[in-house]
Amino acid sequence: MKRLLTVASVLAISTLPVLAQAVTLNVGSYGGSTEQAFRDQIIPLYKQKTQNDVVYVPGNSTDTLAKLVAQKSNPQFDVVLIDDGPMQQAQQFQLCAPLADAPVYKDLYPLANIGKSASALGVVATGLFYSTEAFAKAGWDAPTSWHDLEDPKFKQKVVIPPVSNGYGLHTLIKFAELNGGGVKDIDPGFKAITEKVAPNVLAWEPSPGKMSELFQNGSGVIGVWGSGRVYALEATGFPVKFVYPKEGAVALFTAVCPVARPDAKPEAQAFVQFLLSPEVQAILAETQAWGPVNSKTKLSPEVAAAVPYGPEQIKKLESVDYAVVNAERAKWTNRWNRTVER
C-alpha cells in the first residue's frame, strides 16, 4: 500500500503544470535620473508584467560601449541603452543582435529606425536656449535662428558645449550645412564657427552643472543645448526657454539594442519591445524629457510641452549620419582643439 501511494503521489505531481522559470536580464544604461526612473517605475512595472527581473548597470555611453567591446567574446549584458553615435558604432562592431519583428515597431516614427539591430528609444532636440529675463531687460527679441549666435551684441555671452559633446558636434554640423557643407564637407562649419561664432563665445562648456551656473549667474544669456536639459533648468524656476531654430533642430537619440550573444535570451528582445511601448515611453518623457518615438504615446499637456512630441515636431528634427561622423570625429576633435578652443 505504501509503495502504491508513493507511485500515485509521483504520478500526481508529474501532472502539475510546469511553472516558467523567471529570467534575470543584465541591462547597461545611464546613471542619474534615468537609473532612478528605471528603479522606481520601469523595472517594477516590468517585473509585474513578466515576473522577470533586471540587474541595472549604470554608466555613460562611452563606458558601456567600451564594456561591450571588451566583453565581445563573452558578453555580460543582455540589453544596452546608449546615445545614438556610440550605438552606431556598436552596430558596426556587430555587438547588437538583429531586432526580432514585433508589432510595436510599426508604431514608431520613421526617424526611430537607426539600423537593423537597434532602435531609437527617445529623442531630444539640439537647438537654442536663452535667458528670457536677460533678453527682456536688454529689449532683445527672442532668438529664432542659428545665425543669432553670430550677432555681435552677444559677444562673450554665448555658451556652447565643445565638439566632444553631442550638442557641440551638432552645432558644428549645422553651421556646415548652413554654409553649403555638411558631414561630408565639414570645412564650412569650422570656418563659420571660428570666424563668426567663436568671438561671441564665453565658454565651450561640457558640464551640464556649469552650463546652468553660467546662465544663473548672468554670464551667459544665449547658447546651444538639448531640449531636455533646458526644460529641466526651466522646471527649477529659472527664466529660460528652448527654441527650435527656423532652419531646423538636430535630433539627439537615446538608443537601445539587444546584445549579440550566443546564449541570447528571447526576453532581451521582449524587454526592448517593452521599453518602446506607449506606457514606458510616457514614463521616459515624464521623468527624462525624452520625446516619445512611439506615435501612439499619450502625454499630458504639461509633459507634451516639454519634449519633442507629435508628428509635426518630430518631422522638424534632423538626423545625423553617424556612419560618416564616427569615421571623422577624432579628426574633427583634434582640429577643433587646434583652431576653435586655442
# chains A, B, ... in the order shown; residues from 1 in each chain; ligands from 1
>>> residues_around(residues="A:Ala102", least_positions_apart="5", cutoff="10 Å", atoms="only C-alpha atoms", output="count of residues only")
3
>>> closest_atom_pairs(of="stretch 107-176 of chain A", to="stretch 39-63 of chain A", cutoff="12 Å", atoms="only C-alpha atoms", output="Markdown table")
| residue | atom | partner | partner_atom | distance |
| --- | --- | --- | --- | --- |
| A:Ser164 | CA | A:Thr62 | CA | 11.6 |
| A:Asn165 | CA | A:Thr62 | CA | 11.5 |
| A:Gly166 | CA | A:Ser61 | CA | 11.5 |
>>> write_last_selection(atoms="N, CA, C and O atoms", output="short mmCIF file (atom, residue, chain, number, x, y, z; two decimals), in the first residue's frame")
data_model
loop_
_atom_site.label_atom_id
_atom_site.label_comp_id
_atom_site.auth_asym_id
_atom_site.auth_seq_id
_atom_site.Cartn_x
_atom_site.Cartn_y
_atom_site.Cartn_z
N SER A 164 33.40 67.59 -28.56
CA SER A 164 33.43 66.26 -27.95
C SER A 164 32.08 65.89 -27.34
O SER A 164 31.83 64.73 -27.01
N ASN A 165 31.22 66.87 -27.17
CA ASN A 165 29.86 66.69 -26.65
C ASN A 165 28.88 66.65 -27.82
O ASN A 165 29.10 67.31 -28.84
N GLY A 166 27.82 65.86 -27.70
CA GLY A 166 26.86 65.74 -28.80
C GLY A 166 26.28 67.07 -29.24
O GLY A 166 26.10 67.31 -30.45
#
>>> closest_residue(among="A:Thr126, A:Asn26, A:Ser227, A:Thr333", to="A:Val259", atoms="only C-alpha atoms")
A:Asn26
>>> residues_around(residues="A:Leu252", least_positions_apart="5", cutoff="10 Å", atoms="only C-alpha atoms", output="ChimeraX atom specification")
/A:83-85,120,122-126,166-167,170,226-227,290,317-320
>>> write_last_selection(atoms="C-alpha atoms", output="compact mmCIF listing (two decimals), in the first residue's frame")
# COMPACT_ATOMS: atom_id res chain seq x y z
CA ASP A 83 23.49 57.51 -27.22
CA ASP A 84 22.94 57.33 -30.97
CA GLY A 85 26.56 57.89 -32.02
CA ALA A 120 15.94 54.97 -31.09
CA GLY A 122 13.75 58.63 -27.01
CA VAL A 123 14.60 61.88 -28.72
CA VAL A 124 15.70 65.31 -27.58
CA ALA A 125 16.28 68.29 -29.82
CA THR A 126 19.53 70.23 -30.06
CA GLY A 166 26.86 65.74 -28.80
CA TYR A 167 25.40 69.25 -28.65
CA HIS A 170 25.52 69.13 -33.77
CA GLY A 226 19.31 69.94 -25.58
CA SER A 227 15.60 70.41 -25.07
CA TRP A 290 12.79 62.23 -23.85
CA LEU A 317 14.05 67.19 -36.39
CA GLU A 318 17.10 66.34 -38.48
CA SER A 319 19.05 63.11 -38.04
CA VAL A 320 22.83 62.84 -38.21
>>> residues_around(residues="stretch 67-82 of chain A", least_positions_apart="3", cutoff="10 Å", atoms="only C-alpha atoms", output="VMD selection string")
chain A and resid 24 to 30 54 to 64 85 to 88 90 93 to 97 118 to 121 253 to 269 271 to 272
>>> residues_around(residues="A:Ala285", least_positions_apart="6", cutoff="8 Å", atoms="only C-alpha atoms", output="PyMOL selection string")
chain A and resi 122+291-292+303+307
>>> closest_residue(among="A:Pro188, A:Gly223, A:Gly31, A:Pro162", to="A:Pro206", atoms="only C-alpha atoms")
A:Pro162
>>> closest_residue(among="A:Glu286, A:Glu205, A:Glu328, A:Asp321", to="A:Ile186", atoms="only C-alpha atoms")
A:Glu328
>>> select_by_dssp(residues="stretch 14-246 of chain A", states="alpha helix (DSSP H)", output="ChimeraX atom specification")
/A:14,32-37,43-50,61-70,84-92,132-138,166-178,187-192,208-216,227-235
>>> atom_distance(atom1="atom CA of A:Trp140", atom2="atom CA of A:Met211")
21.6 Å
>>> select_by_dssp(residues="stretch 186-225 of chain A", states="strand (DSSP E)", output="ChimeraX atom specification")
/A:201-204,222-225
>>> atom_distance(atom1="atom CA of A:His147", atom2="atom CA of A:Tyr309")
25.2 Å
>>> closest_residue(among="A:Tyr109, A:Trp225, A:Phe135, A:Phe129", to="A:Lys315", atoms="only C-alpha atoms")
A:Tyr109
>>> residues_around(residues="stretch 232-241 of chain A", least_positions_apart="6", cutoff="10 Å", atoms="only C-alpha atoms", output="ChimeraX atom specification")
/A:128-135,142,208-209,212,215-216,221-222,287-289,306
